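> Attaching a single structure in structure tokens format; questions to follow.
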Amino acid sequence: MEFKEVLEKYFRVRGNVAKGLGTEARNRGRWALARAMADMAFRSGVEIGTLYGDSAEMWCSMNPQLHLTCIDPYGEYRKRHGQRQQDEAFAATSKRLVPFNVTMMRTTSLAVVDKFPDASLDFVHIDGDHSFDAAIQDIVAWAPKVRIGGLILVHDYFSLSWPGVTQAVDAYVRAHRIQEWYVTPDVSLTAFWVRTLCD
């Protein structure tokens, strides 16, 4: 299916807000996105910032054909816990994702972005360092890795705790004149748009 079809199938769109249809949590927000991406026959994706694997498990459980690369340094920084807790989180997440077709890369996103050819991914989910500088660098570096017609997703849009994410998304879509972009009304919003020749 094409993006416009799944948008109509899984979401009620008002302006830039794409509210998942249905009353159950598994039909709203990012769950609706996961269903839409499965219907679009997505087979390859990258998740930047995996931590406990909640999102990774969701993408993969909705789409058994998906190969997901999870990139996270699991290092101590700002709001994250100490290194011992990060090591434990990496071990637990690696075990949690064993049933799925997942490759774990314990590194920073910019250290490995060049290992992925341009237009080689169906989607990228950016949920890493939430400062403006890091978020904008991730969007700029990873957007070209997504094929035309694929999706770019940025988690924690419009979070009071991480205003840098909002600023990065707003700057990017404005600079690239992306008119059709959406946010899911989850507890923590996800911004998403279709990759085009313009970005």
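Here, A, B, ... name the chains of the structure tokens in the order displayed, residue numbers run from 1 inside each chain, and ligands are numbered from 1 in the same displayed order.
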Counting only C-alpha atoms, what is within 6 Å of Asp72 of chain A, bar same-chain residues fewer than 5 positions away, as a PyMOL selection string?

chain A and resi 49-50+106-108

> Excluding same-chain residues fewer than 5 positions from Pro64 of chain A, what lies within 9 Å of it counting only C-alpha atoms, as a count of residues only?

5

> Would you mind listing what lies within 10 Å of Ser109 of chain A as a count of residues only, with only C-alpha atoms counted and same-chain residues fewer than 5 positions away left out?

17

> Any idea what's packed within 9 Å of segment 121-124 of chain A, counting only C-alpha atoms, ignoring anything in its chain fewer than 4 positions away? Could you give it as a VMD selection string?

chain A and resid 37 41 to 48 116 to 117 142 to 143 145 to 154 195

> Report as a PyMOL selection string: the residues of segment 63-141 of chain A with a DSSP assignment of alpha helix (DSSP H), based on the backbone of this structure.

chain A and resi 83-96+109-112+132-141

> Could you list, as a count of residues only, every residue within 12 Å of Arg14 of chain A, counting only C-alpha atoms and ignoring same-chain residues fewer than 6 positions away?

9

> Mind the document's chain letters and residue numbers, and return as an NGL selection string the residues of segment 132-163 of chain A that DSSP labels strand (DSSP E or B).

:A and (146-157)

> Kindly indicate which residue among A:Phe11, A:Tyr157, A:Trp31, A:Trp162 lies nearest to Ser61 of chain A, using only C-alpha atoms for the distances.

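The answer is A:Trp31, which sits nearest to Ser61 of chain A.
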
> Quote the spacing between atom CA of Arg174 of chain A and atom CA of Phe158 of chain A in Å to one decimal place.

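Calculated distance between atom CA of Arg174 of chain A and atom CA of Phe158 of chain A is 15.9 Å.
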
> What does the structure give for the distance between atom CA of Gly22 of chain A and atom CA of Ala191 of chain A, in Å to one decimal?

19.8 Å

> Using only C-alpha atoms for the distances, tell me which of A:Leu189, A:Val98, A:Leu197, A:Cys60 is nearest to Ala119 of chain A.

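Going through A:Leu189, A:Val98, A:Leu197, A:Cys60 one by one, the smallest distance to Ala119 of chain A is for A:Leu197.
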